[in-house]
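> Sharing start_21.cif (mmCIF, C-alpha atoms) below.
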```cif
data_input
#
loop_
_atom_site.group_PDB
_atom_site.id
_atom_site.type_symbol
_atom_site.label_atom_id
_atom_site.label_comp_id
_atom_site.auth_asym_id
_atom_site.auth_seq_id
_atom_site.Cartn_x
_atom_site.Cartn_y
_atom_site.Cartn_z
ATOM 1 C CA MET A 1457 20.682 5.042 16.344
ATOM 2 C CA PRO A 1458 23.046 4.907 13.321
ATOM 3 C CA ALA A 1459 22.683 7.642 10.723
ATOM 4 C CA GLU A 1460 20.999 6.768 7.420
ATOM 5 C CA VAL A 1461 23.971 7.985 5.357
ATOM 6 C CA LEU A 1462 27.674 7.910 6.241
ATOM 7 C CA ARG A 1463 29.968 10.586 4.776
ATOM 8 C CA VAL A 1464 33.424 9.093 4.282
ATOM 9 C CA LEU A 1465 36.461 11.185 3.377
ATOM 10 C CA PHE A 1466 39.263 9.244 1.686
ATOM 11 C CA ILE A 1467 42.498 11.262 1.452
ATOM 12 C CA GLY A 1468 45.065 10.516 -1.243
ATOM 13 C CA ASP A 1469 48.687 9.627 -0.564
ATOM 14 C CA VAL A 1470 50.011 11.938 2.172
ATOM 15 C CA PHE A 1471 53.428 13.079 0.974
ATOM 16 C CA GLY A 1472 56.269 14.065 3.304
ATOM 17 C CA HIS A 1473 56.153 16.745 5.982
ATOM 18 C CA PRO A 1474 54.221 19.207 3.771
ATOM 19 C CA GLY A 1475 51.353 16.730 3.398
ATOM 20 C CA ARG A 1476 51.212 15.581 6.996
ATOM 21 C CA ASP A 1477 51.597 19.112 8.401
ATOM 22 C CA LEU A 1478 48.762 20.243 6.136
ATOM 23 C CA LEU A 1479 46.471 17.561 7.526
ATOM 24 C CA ILE A 1480 47.426 18.167 11.142
ATOM 25 C CA LYS A 1481 46.619 21.857 10.755
ATOM 26 C CA HIS A 1482 43.561 21.816 8.488
ATOM 27 C CA LEU A 1483 41.827 18.409 8.634
ATOM 28 C CA PRO A 1484 39.825 18.937 11.871
ATOM 29 C CA ALA A 1485 38.201 22.099 10.476
ATOM 30 C CA PHE A 1486 37.567 20.459 7.093
ATOM 31 C CA ARG A 1487 35.836 17.530 8.763
ATOM 32 C CA GLN A 1488 33.565 19.806 10.717
ATOM 33 C CA ALA A 1489 32.746 22.043 7.737
ATOM 34 C CA HIS A 1490 31.833 19.105 5.495
ATOM 35 C CA GLY A 1491 30.110 16.859 8.032
ATOM 36 C CA ILE A 1492 32.613 14.018 7.673
ATOM 37 C CA ASP A 1493 31.712 10.938 9.723
ATOM 38 C CA PHE A 1494 34.779 8.802 8.938
ATOM 39 C CA CYS A 1495 38.206 9.635 7.485
ATOM 40 C CA ILE A 1496 40.738 7.316 5.837
ATOM 41 C CA ALA A 1497 44.167 8.445 4.604
ATOM 42 C CA ASP A 1498 46.863 6.600 2.693
ATOM 43 C CA ALA A 1499 50.016 7.513 4.634
ATOM 44 C CA GLU A 1500 52.684 5.294 3.112
ATOM 45 C CA ASN A 1501 54.656 8.326 1.861
ATOM 46 C CA ALA A 1502 54.200 10.501 4.942
ATOM 47 C CA ALA A 1503 57.796 10.104 6.207
ATOM 48 C CA GLY A 1504 60.017 12.031 3.825
ATOM 49 C CA GLY A 1505 58.130 10.679 0.821
ATOM 50 C CA ASN A 1506 59.005 7.058 1.629
ATOM 51 C CA GLY A 1507 57.255 5.045 4.306
ATOM 52 C CA LEU A 1508 55.632 5.862 7.623
ATOM 53 C CA THR A 1509 56.876 6.013 11.208
ATOM 54 C CA PRO A 1510 54.907 5.388 14.425
ATOM 55 C CA PRO A 1511 55.155 9.022 15.656
ATOM 56 C CA ILE A 1512 53.831 10.328 12.323
ATOM 57 C CA ALA A 1513 51.030 7.760 12.359
ATOM 58 C CA GLU A 1514 50.058 8.786 15.891
ATOM 59 C CA ALA A 1515 50.028 12.465 14.934
ATOM 60 C CA LEU A 1516 47.727 11.864 11.965
ATOM 61 C CA LEU A 1517 45.392 9.662 14.017
ATOM 62 C CA LYS A 1518 45.249 12.346 16.692
ATOM 63 C CA HIS A 1519 44.273 15.107 14.260
ATOM 64 C CA GLY A 1520 41.265 13.762 12.404
ATOM 65 C CA VAL A 1521 42.242 10.582 10.558
ATOM 66 C CA ASP A 1522 40.314 7.512 11.754
ATOM 67 C CA LEU A 1523 42.234 4.879 9.780
ATOM 68 C CA LEU A 1524 45.584 4.832 7.965
ATOM 69 C CA THR A 1525 46.372 2.667 4.951
ATOM 70 C CA ALA A 1526 49.610 1.835 3.166
ATOM 71 C CA GLY A 1527 50.746 0.279 -0.097
ATOM 72 C CA ASP A 1528 54.021 -0.868 -1.617
ATOM 73 C CA HIS A 1529 56.117 1.546 0.501
ATOM 74 C CA VAL A 1530 54.841 0.204 3.812
ATOM 75 C CA TRP A 1531 58.183 -1.478 4.633
ATOM 76 C CA ASP A 1532 60.387 1.527 3.786
ATOM 77 C CA ARG A 1533 60.725 2.329 7.508
ATOM 78 C CA MET A 1534 61.647 -0.717 9.567
ATOM 79 C CA GLU A 1535 60.330 0.785 12.796
ATOM 80 C CA LEU A 1536 56.787 0.501 11.461
ATOM 81 C CA GLU A 1537 56.787 -3.328 11.437
ATOM 82 C CA GLU A 1538 56.328 -3.796 15.187
ATOM 83 C CA TYR A 1539 53.857 -0.922 15.334
ATOM 84 C CA LEU A 1540 51.591 -2.671 12.829
ATOM 85 C CA TYR A 1541 51.014 -5.476 15.318
ATOM 86 C CA THR A 1542 49.884 -3.113 18.070
ATOM 87 C CA CYS A 1543 47.919 -0.364 16.304
ATOM 88 C CA PRO A 1544 44.434 -1.467 15.157
ATOM 89 C CA ARG A 1545 43.935 1.697 13.108
ATOM 90 C CA ILE A 1546 46.494 1.059 10.374
ATOM 91 C CA ILE A 1547 46.436 -1.594 7.646
ATOM 92 C CA ARG A 1548 48.847 -2.821 5.001
ATOM 93 C CA PRO A 1549 47.800 -4.613 1.770
ATOM 94 C CA LEU A 1550 45.811 -7.776 2.441
ATOM 95 C CA ASN A 1551 47.418 -9.641 -0.468
ATOM 96 C CA PHE A 1552 50.892 -9.579 1.069
ATOM 97 C CA PRO A 1553 52.020 -12.968 2.481
ATOM 98 C CA GLU A 1554 49.795 -14.102 5.357
ATOM 99 C CA ASP A 1555 52.563 -13.890 7.970
ATOM 100 C CA SER A 1556 53.521 -10.312 7.045
ATOM 101 C CA PRO A 1557 53.420 -7.883 9.980
ATOM 102 C CA GLY A 1558 50.083 -6.251 10.647
ATOM 103 C CA ARG A 1559 46.689 -6.810 9.045
ATOM 104 C CA GLY A 1560 45.035 -6.126 5.696
ATOM 105 C CA VAL A 1561 41.504 -5.605 7.032
ATOM 106 C CA ALA A 1562 40.222 -3.325 9.785
ATOM 107 C CA VAL A 1563 36.760 -2.736 11.208
ATOM 108 C CA VAL A 1564 36.305 0.610 12.963
ATOM 109 C CA GLU A 1565 33.125 1.814 14.655
ATOM 110 C CA THR A 1566 32.135 5.459 14.223
ATOM 111 C CA PRO A 1567 30.776 7.568 17.107
ATOM 112 C CA ASP A 1568 27.308 6.923 15.611
ATOM 113 C CA TYR A 1569 27.796 3.152 15.964
ATOM 114 C CA VAL A 1570 28.339 2.406 12.270
ATOM 115 C CA LYS A 1571 30.931 -0.315 11.704
ATOM 116 C CA VAL A 1572 33.140 0.462 8.717
ATOM 117 C CA CYS A 1573 35.197 -2.337 7.170
ATOM 118 C CA VAL A 1574 38.282 -1.227 5.227
ATOM 119 C CA ILE A 1575 40.328 -3.591 3.060
ATOM 120 C CA GLY A 1576 43.708 -2.681 1.580
ATOM 121 C CA LEU A 1577 45.019 -4.253 -1.622
ATOM 122 C CA VAL A 1578 48.058 -3.756 -3.834
ATOM 123 C CA GLY A 1579 48.101 -4.354 -7.586
ATOM 124 C CA ARG A 1580 50.388 -6.683 -9.520
ATOM 125 C CA VAL A 1581 50.684 -5.043 -12.961
ATOM 126 C CA PHE A 1582 53.939 -3.030 -13.153
ATOM 127 C CA MET A 1583 54.306 -3.565 -9.374
ATOM 128 C CA LYS A 1584 56.412 -5.749 -7.096
ATOM 129 C CA PRO A 1585 55.220 -9.360 -6.716
ATOM 130 C CA ALA A 1586 52.159 -9.877 -4.523
ATOM 131 C CA ASP A 1587 49.358 -12.400 -4.148
ATOM 132 C CA ASN A 1588 46.289 -12.136 -6.350
ATOM 133 C CA PRO A 1589 44.193 -9.170 -5.092
ATOM 134 C CA PHE A 1590 40.983 -10.547 -6.645
ATOM 135 C CA VAL A 1591 41.304 -13.834 -4.786
ATOM 136 C CA ALA A 1592 42.402 -12.170 -1.535
ATOM 137 C CA VAL A 1593 39.465 -9.760 -1.375
ATOM 138 C CA GLU A 1594 36.968 -12.449 -2.418
ATOM 139 C CA LYS A 1595 38.085 -14.673 0.452
ATOM 140 C CA ALA A 1596 37.937 -11.775 2.913
ATOM 141 C CA LEU A 1597 34.373 -10.940 1.909
ATOM 142 C CA GLU A 1598 33.380 -14.598 2.220
ATOM 143 C CA ARG A 1599 34.791 -14.698 5.768
ATOM 144 C CA HIS A 1600 32.838 -11.618 6.782
ATOM 145 C CA GLY A 1601 29.653 -13.017 5.262
ATOM 146 C CA GLY A 1602 28.047 -9.603 4.735
ATOM 147 C CA ALA A 1603 28.426 -8.635 8.404
ATOM 148 C CA TYR A 1604 29.619 -5.127 7.464
ATOM 149 C CA PRO A 1605 27.415 -3.409 4.853
ATOM 150 C CA VAL A 1606 29.762 -0.404 4.726
ATOM 151 C CA THR A 1607 32.924 -1.864 3.204
ATOM 152 C CA ILE A 1608 35.593 0.226 1.480
ATOM 153 C CA VAL A 1609 38.400 -1.241 -0.622
ATOM 154 C CA GLU A 1610 41.585 0.640 -1.459
ATOM 155 C CA ILE A 1611 43.463 -0.648 -4.507
ATOM 156 C CA HIS A 1612 47.026 0.691 -4.524
ATOM 157 C CA ALA A 1613 48.085 -0.014 -8.092
ATOM 158 C CA GLU A 1614 49.776 1.336 -11.203
ATOM 159 C CA ALA A 1615 47.583 0.055 -14.041
ATOM 160 C CA THR A 1616 44.206 1.668 -14.672
ATOM 161 C CA SER A 1617 42.874 -1.531 -16.246
ATOM 162 C CA GLU A 1618 43.632 -3.558 -13.108
ATOM 163 C CA LYS A 1619 41.844 -1.024 -10.912
ATOM 164 C CA VAL A 1620 38.783 -0.837 -13.164
ATOM 165 C CA ALA A 1621 38.633 -4.629 -13.417
ATOM 166 C CA LEU A 1622 38.696 -4.967 -9.627
ATOM 167 C CA ALA A 1623 35.935 -2.389 -9.258
ATOM 168 C CA ARG A 1624 33.743 -4.161 -11.811
ATOM 169 C CA PHE A 1625 34.455 -7.471 -10.070
ATOM 170 C CA LEU A 1626 33.407 -6.037 -6.707
ATOM 171 C CA ASP A 1627 30.440 -3.975 -7.927
ATOM 172 C CA GLY A 1628 27.491 -4.599 -5.631
ATOM 173 C CA LYS A 1629 29.680 -6.451 -3.113
ATOM 174 C CA VAL A 1630 31.379 -3.439 -1.458
ATOM 175 C CA SER A 1631 30.517 0.221 -0.950
ATOM 176 C CA ALA A 1632 33.550 1.707 -2.711
ATOM 177 C CA VAL A 1633 36.718 0.779 -4.586
ATOM 178 C CA LEU A 1634 39.164 3.689 -4.411
ATOM 179 C CA GLY A 1635 42.458 3.801 -6.274
ATOM 180 C CA THR A 1636 45.759 5.197 -5.022
ATOM 181 C CA HIS A 1637 49.489 5.121 -5.881
ATOM 182 C CA THR A 1638 49.985 7.386 -8.923
ATOM 183 C CA HIS A 1639 49.529 10.649 -6.940
ATOM 184 C CA VAL A 1640 47.536 12.162 -9.831
ATOM 185 C CA PRO A 1641 43.750 12.512 -9.395
ATOM 186 C CA THR A 1642 41.610 11.096 -12.172
ATOM 187 C CA ALA A 1643 38.264 12.430 -13.397
ATOM 188 C CA ASP A 1644 36.406 9.117 -13.666
ATOM 189 C CA GLU A 1645 34.522 9.026 -10.351
ATOM 190 C CA VAL A 1646 31.319 7.019 -10.799
ATOM 191 C CA ILE A 1647 28.664 4.970 -9.044
ATOM 192 C CA LEU A 1648 28.698 1.591 -10.783
ATOM 193 C CA PRO A 1649 25.402 -0.219 -11.603
ATOM 194 C CA GLY A 1650 25.526 -2.344 -8.435
ATOM 195 C CA GLY A 1651 25.958 0.655 -6.146
ATOM 196 C CA THR A 1652 29.747 0.659 -5.705
ATOM 197 C CA ALA A 1653 31.576 4.009 -5.870
ATOM 198 C CA TYR A 1654 34.776 4.011 -7.915
ATOM 199 C CA ILE A 1655 37.656 6.281 -8.917
ATOM 200 C CA THR A 1656 40.948 5.224 -10.504
ATOM 201 C CA ASP A 1657 43.096 7.523 -8.366
ATOM 202 C CA VAL A 1658 42.111 9.915 -5.591
ATOM 203 C CA GLY A 1659 45.321 11.947 -5.935
ATOM 204 C CA MET A 1660 47.891 13.176 -3.432
ATOM 205 C CA THR A 1661 48.017 15.381 -0.343
ATOM 206 C CA GLY A 1662 51.115 17.517 -0.284
ATOM 207 C CA PRO A 1663 53.177 19.742 -2.602
ATOM 208 C CA CYS A 1664 51.681 19.711 -6.111
ATOM 209 C CA ASP A 1665 54.303 22.094 -7.570
ATOM 210 C CA SER A 1666 56.457 19.021 -7.981
ATOM 211 C CA ILE A 1667 56.818 15.704 -9.744
ATOM 212 C CA ILE A 1668 54.365 13.528 -7.787
ATOM 213 C CA GLY A 1669 55.512 15.231 -4.583
ATOM 214 C CA LEU A 1670 59.246 15.435 -5.269
ATOM 215 C CA GLU A 1671 61.448 18.406 -6.124
ATOM 216 C CA SER A 1672 61.302 18.605 -9.926
ATOM 217 C CA ARG A 1673 64.948 19.623 -10.354
ATOM 218 C CA ASP A 1674 66.424 16.355 -9.092
ATOM 219 C CA VAL A 1675 63.880 14.100 -10.787
ATOM 220 C CA ILE A 1676 64.465 15.774 -14.164
ATOM 221 C CA ARG A 1677 68.242 15.553 -13.742
ATOM 222 C CA ASN A 1678 68.054 11.817 -13.061
ATOM 223 C CA TYR A 1679 65.849 11.232 -16.103
ATOM 224 C CA ARG A 1680 68.049 13.359 -18.334
ATOM 225 C CA PHE A 1681 71.513 12.217 -17.255
ATOM 226 C CA HIS A 1682 70.813 8.776 -15.770
ATOM 227 C CA THR A 1683 72.186 9.965 -12.434
ATOM 228 C CA LYS A 1684 70.905 8.808 -9.044
ATOM 229 C CA ARG A 1685 70.399 11.961 -7.036
ATOM 230 C CA LYS A 1686 68.433 11.510 -3.834
ATOM 231 C CA PHE A 1687 64.867 12.721 -4.116
ATOM 232 C CA VAL A 1688 63.493 15.206 -1.580
ATOM 233 C CA PRO A 1689 59.908 16.391 -1.048
ATOM 234 C CA ALA A 1690 58.934 19.656 -2.714
ATOM 235 C CA ALA A 1691 57.274 22.495 -0.808
ATOM 236 C CA GLY A 1692 55.011 24.564 -3.082
ATOM 237 C CA ASP A 1693 51.309 24.562 -4.007
ATOM 238 C CA LEU A 1694 50.000 22.539 -1.076
ATOM 239 C CA ARG A 1695 46.766 20.660 -1.714
ATOM 240 C CA MET A 1696 44.612 18.036 -0.077
ATOM 241 C CA GLN A 1697 43.156 15.698 -2.684
ATOM 242 C CA GLY A 1698 40.709 12.862 -2.192
ATOM 243 C CA VAL A 1699 37.037 11.966 -2.412
ATOM 244 C CA ILE A 1700 33.946 12.143 -0.242
ATOM 245 C CA VAL A 1701 31.718 9.090 -0.573
ATOM 246 C CA GLU A 1702 28.179 9.083 0.790
ATOM 247 C CA ILE A 1703 27.099 5.552 1.737
ATOM 248 C CA GLY A 1704 23.789 4.177 2.964
ATOM 249 C CA THR A 1705 24.384 2.551 6.337
ATOM 250 C CA ARG A 1706 21.655 -0.069 5.906
ATOM 251 C CA ASP A 1707 22.412 -1.407 2.431
ATOM 252 C CA GLY A 1708 26.032 -0.280 2.062
ATOM 253 C CA LYS A 1709 25.322 1.228 -1.360
ATOM 254 C CA ALA A 1710 27.118 4.392 -2.411
ATOM 255 C CA ARG A 1711 24.827 7.356 -3.032
ATOM 256 C CA ARG A 1712 27.405 9.826 -4.275
ATOM 257 C CA ILE A 1713 31.143 10.241 -4.846
ATOM 258 C CA THR A 1714 32.672 13.711 -5.039
ATOM 259 C CA ARG A 1715 36.255 14.654 -5.759
ATOM 260 C CA VAL A 1716 37.952 16.943 -3.231
ATOM 261 C CA GLU A 1717 40.808 19.351 -3.896
ATOM 262 C CA GLU A 1718 41.529 21.930 -1.216
ATOM 263 C CA LYS A 1719 44.329 24.395 -1.939
ATOM 264 C CA TYR A 1720 46.455 25.918 0.812
ATOM 265 C CA ASP A 1721 48.614 28.694 -0.616
ATOM 266 C CA ARG A 1722 50.493 29.504 2.562
ATOM 267 C CA PRO A 1723 53.072 27.097 4.045
ATOM 268 C CA VAL A 1724 51.768 25.110 7.021
#
```
Is it possible to give me this structure as structure tokens?


Amino acid sequence: MPAEVLRVLFIGDVFGHPGRDLLIKHLPAFRQAHGIDFCIADAENAAGGNGLTPPIAEALLKHGVDLLTAGDHVWDRMELEEYLYTCPRIIRPLNFPEDSPGRGVAVVETPDYVKVCVIGLVGRVFMKPADNPFVAVEKALERHGGAYPVTIVEIHAEATSEKVALARFLDGKVSAVLGTHTHVPTADEVILPGGTAYITDVGMTGPCDSIIGLESRDVIRNYRFHTKRKFVPAAGDLRMQGVIVEIGTRDGKARRITRVEEKYDRPV
């Protein structure tokens, strides 16, 4: 018999080896301590801060992540393209061209027999060209015809206004609209009037003594002198950032959204 309420952990952009090593070491215990039923992580920066590789994806899926998502950096590692066709537990943005590798929607069943539908989208404001995310998600929801009450939408986008607009558009139609991409957690978590949980950005998992995950020294130098030094992941102040969303399994309405920030002072 499915549980009345599903506790979903959504983990912000996993950055480089510090972020993925943190999850591999600490996520199983965190899940158990907080009664997490389903875990989603954006892993598009898990390989050196740019992209994702199949071995890294497999490691994260083996250590507590149920579904991986990706945004505009999904193609940074060519070896991921073929993997997207074969792994049902990773999605790329739905509003990429239809014949892009992989899928933009996944339905995963929890051990308690709750089917969770996850839809990935990428924004268009200040981003690379993509199809209209509003139209893409509307068509996807029409195809599903309400078959999956628990539906979570990730919007990987730069502009706050675009994320808020999408959430208001989808209020009452999906369980949650969760923003990613900027690597900085926002303090605007809310349950909208129609029962949809929303936050503009869930944050980042990795080294926070940095500039959005990167060594500050090189980023500052490039800004100051217009140089093009290669960026490398930082290493200090490791944190896991995200949200826990409690969702009714019958009606798909969000009951609560809580920001998460776990600090790990020691290197993993």

> Can you list what the PyMOL selection byres ((chain A and resi 1527) around 12) grabs from this structure, as a PyMOL selection string?

chain A and resi 1468-1470+1497-1502+1506-1508+1524-1526+1528-1532+1546-1552+1560+1575-1580+1583-1584+1586+1610-1614+1635-1638

> Figure out the distance between CA of Ile1512 (chain A) and CA of Ile1676 (chain A), please, to one decimal in Å.

29.1 Å

> Tell me which protein, DNA and RNA residues are within 8 Å of Glu1535 (chain A), counting only C-alpha atoms, leaving out same-chain ones fewer than 3 positions away, and put them as a list of chain:residue names.

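Listed by chain and then number, they are A:Thr1509, A:Pro1510, A:Glu1538, A:Tyr1539.
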
> Could you state which residues are captured by the PyMOL selection byres ((chain A and resi 1669) around 10) in this file, as a compact mmCIF listing (two decimals) with C-alpha atoms, keeping the file's coordinate frame?


```txt
# COMPACT_ATOMS: atom_id res chain seq x y z
CA ASP A 1469 48.69 9.63 -0.56
CA VAL A 1470 50.01 11.94 2.17
CA PHE A 1471 53.43 13.08 0.97
CA GLY A 1472 56.27 14.06 3.30
CA PRO A 1474 54.22 19.21 3.77
CA GLY A 1475 51.35 16.73 3.40
CA ASN A 1501 54.66 8.33 1.86
CA GLY A 1505 58.13 10.68 0.82
CA HIS A 1639 49.53 10.65 -6.94
CA MET A 1660 47.89 13.18 -3.43
CA THR A 1661 48.02 15.38 -0.34
CA GLY A 1662 51.12 17.52 -0.28
CA PRO A 1663 53.18 19.74 -2.60
CA CYS A 1664 51.68 19.71 -6.11
CA ASP A 1665 54.30 22.09 -7.57
CA SER A 1666 56.46 19.02 -7.98
CA ILE A 1667 56.82 15.70 -9.74
CA ILE A 1668 54.36 13.53 -7.79
CA LEU A 1670 59.25 15.44 -5.27
CA GLU A 1671 61.45 18.41 -6.12
CA SER A 1672 61.30 18.60 -9.93
CA PHE A 1687 64.87 12.72 -4.12
CA VAL A 1688 63.49 15.21 -1.58
CA PRO A 1689 59.91 16.39 -1.05
CA ALA A 1690 58.93 19.66 -2.71
CA ALA A 1691 57.27 22.50 -0.81
CA GLY A 1692 55.01 24.56 -3.08
CA LEU A 1694 50.00 22.54 -1.08
```

> Could you name the residues that touch Gly1651 (chain A) at 12 Å or less, counting only C-alpha atoms, but leaving out those on the same chain fewer than 4 positions away, as a short mmCIF file (atom, residue, chain, number, x, y, z; two decimals) with C-alpha atoms, in the coordinates of the input?


```
data_model
loop_
_atom_site.label_atom_id
_atom_site.label_comp_id
_atom_site.auth_asym_id
_atom_site.auth_seq_id
_atom_site.Cartn_x
_atom_site.Cartn_y
_atom_site.Cartn_z
CA PRO A 1605 27.42 -3.41 4.85
CA VAL A 1606 29.76 -0.40 4.73
CA THR A 1607 32.92 -1.86 3.20
CA ALA A 1623 35.94 -2.39 -9.26
CA ARG A 1624 33.74 -4.16 -11.81
CA LEU A 1626 33.41 -6.04 -6.71
CA ASP A 1627 30.44 -3.98 -7.93
CA GLY A 1628 27.49 -4.60 -5.63
CA LYS A 1629 29.68 -6.45 -3.11
CA VAL A 1630 31.38 -3.44 -1.46
CA SER A 1631 30.52 0.22 -0.95
CA ALA A 1632 33.55 1.71 -2.71
CA VAL A 1633 36.72 0.78 -4.59
CA VAL A 1646 31.32 7.02 -10.80
CA ILE A 1647 28.66 4.97 -9.04
CA VAL A 1701 31.72 9.09 -0.57
CA GLU A 1702 28.18 9.08 0.79
CA ILE A 1703 27.10 5.55 1.74
CA GLY A 1704 23.79 4.18 2.96
CA ASP A 1707 22.41 -1.41 2.43
CA GLY A 1708 26.03 -0.28 2.06
CA LYS A 1709 25.32 1.23 -1.36
CA ALA A 1710 27.12 4.39 -2.41
CA ARG A 1711 24.83 7.36 -3.03
CA ARG A 1712 27.40 9.83 -4.28
CA ILE A 1713 31.14 10.24 -4.85
#
```

> For Gly1602 (chain A), which residue among A:Val1581, A:Arg1706, A:Asp1568, A:Pro1649 is the nearest when counting all atoms listed in the file?

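Answer, going by the shortest atom-to-atom distance: A:Arg1706.
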
> From the set A:Lys1684, A:Leu1540, A:Ala1459, A:Gly1659, which residue has the shortest atom-to-atom contact distance to Glu1717 (chain A), counting all atoms listed in the file?

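Closest candidate: A:Gly1659.
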
> Taking all atoms listed in the file into account, name the residue in A:Leu1536, A:Leu1648, A:Ile1467, A:Ala1653 that is nearest to Glu1718 (chain A).

A:Ile1467

> Separation of CA of Asp1644 (chain A) and CA of Asp1657 (chain A), in Å?

8.7 Å

> Around the point (40.9, 9.4, 11.6) (coordinates from the file), which residues reach within 7 Å if we count all atoms listed in the file? Answer as a list of chain:residue names.

A:Phe1494, A:Cys1495, A:Ile1496, A:Leu1517, A:Gly1520, A:Val1521, A:Asp1522, A:Leu1523

> Could you write out as a list in words the residues that the PyMOL selection byres ((chain A and resi 1490-1492) around 9) matches in the shown file?

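Residues picked by the PyMOL selection byres ((chain A and resi 1490-1492) around 9): Leu1462, Arg1463, Val1464, Leu1465, Ala1485, Phe1486, Arg1487, Gln1488, Ala1489, Asp1493, Phe1494, Cys1495 and Ile1700 of chain A.
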
> To one decimal place, how far is CA of Phe1590 (chain A) from CA of Ala1621 (chain A) in Å?

9.3 Å

> Could region 1492-1508 of chain A be completed with N, CA and C atoms and returned as a CSV table (one decimal), in the coordinates of the input?


```csv
chain,number,residue,atom,x,y,z
A,1492,ILE,N,32.0,15.3,7.9
A,1492,ILE,CA,32.6,14.0,7.7
A,1492,ILE,C,32.4,13.1,8.9
A,1493,ASP,N,31.9,11.9,8.6
A,1493,ASP,CA,31.7,10.9,9.7
A,1493,ASP,C,32.9,10.0,9.9
A,1494,PHE,N,33.7,9.8,8.9
A,1494,PHE,CA,34.8,8.8,8.9
A,1494,PHE,C,35.8,9.2,7.9
A,1495,CYS,N,37.1,9.2,8.3
A,1495,CYS,CA,38.2,9.6,7.5
A,1495,CYS,C,39.3,8.6,7.4
A,1496,ILE,N,39.7,8.3,6.1
A,1496,ILE,CA,40.7,7.3,5.8
A,1496,ILE,C,41.8,8.1,5.1
A,1497,ALA,N,43.1,7.8,5.3
A,1497,ALA,CA,44.2,8.4,4.6
A,1497,ALA,C,45.2,7.4,4.3
A,1498,ASP,N,45.7,7.4,3.1
A,1498,ASP,CA,46.9,6.6,2.7
A,1498,ASP,C,48.1,7.4,3.1
A,1499,ALA,N,48.9,6.8,4.0
A,1499,ALA,CA,50.0,7.5,4.6
A,1499,ALA,C,51.4,6.9,4.4
A,1500,GLU,N,51.4,6.0,3.3
A,1500,GLU,CA,52.7,5.3,3.1
A,1500,GLU,C,53.9,6.2,2.7
A,1501,ASN,N,53.6,7.4,2.3
A,1501,ASN,CA,54.7,8.3,1.9
A,1501,ASN,C,54.8,9.5,2.8
A,1502,ALA,N,54.2,9.4,4.0
A,1502,ALA,CA,54.2,10.5,4.9
A,1502,ALA,C,55.5,10.8,5.6
A,1503,ALA,N,56.5,9.9,5.6
A,1503,ALA,CA,57.8,10.1,6.2
A,1503,ALA,C,58.8,10.4,5.1
A,1504,GLY,N,59.0,11.6,4.8
A,1504,GLY,CA,60.0,12.0,3.8
A,1504,GLY,C,59.7,11.6,2.4
A,1505,GLY,N,58.5,11.2,2.1
A,1505,GLY,CA,58.1,10.7,0.8
A,1505,GLY,C,58.3,9.2,0.7
A,1506,ASN,N,58.8,8.5,1.7
A,1506,ASN,CA,59.0,7.1,1.6
A,1506,ASN,C,58.7,6.4,3.0
A,1507,GLY,N,57.6,5.8,3.1
A,1507,GLY,CA,57.3,5.0,4.3
A,1507,GLY,C,56.5,5.9,5.3
A,1508,LEU,N,56.4,5.3,6.5
A,1508,LEU,CA,55.6,5.9,7.6
A,1508,LEU,C,56.3,5.4,8.9
```
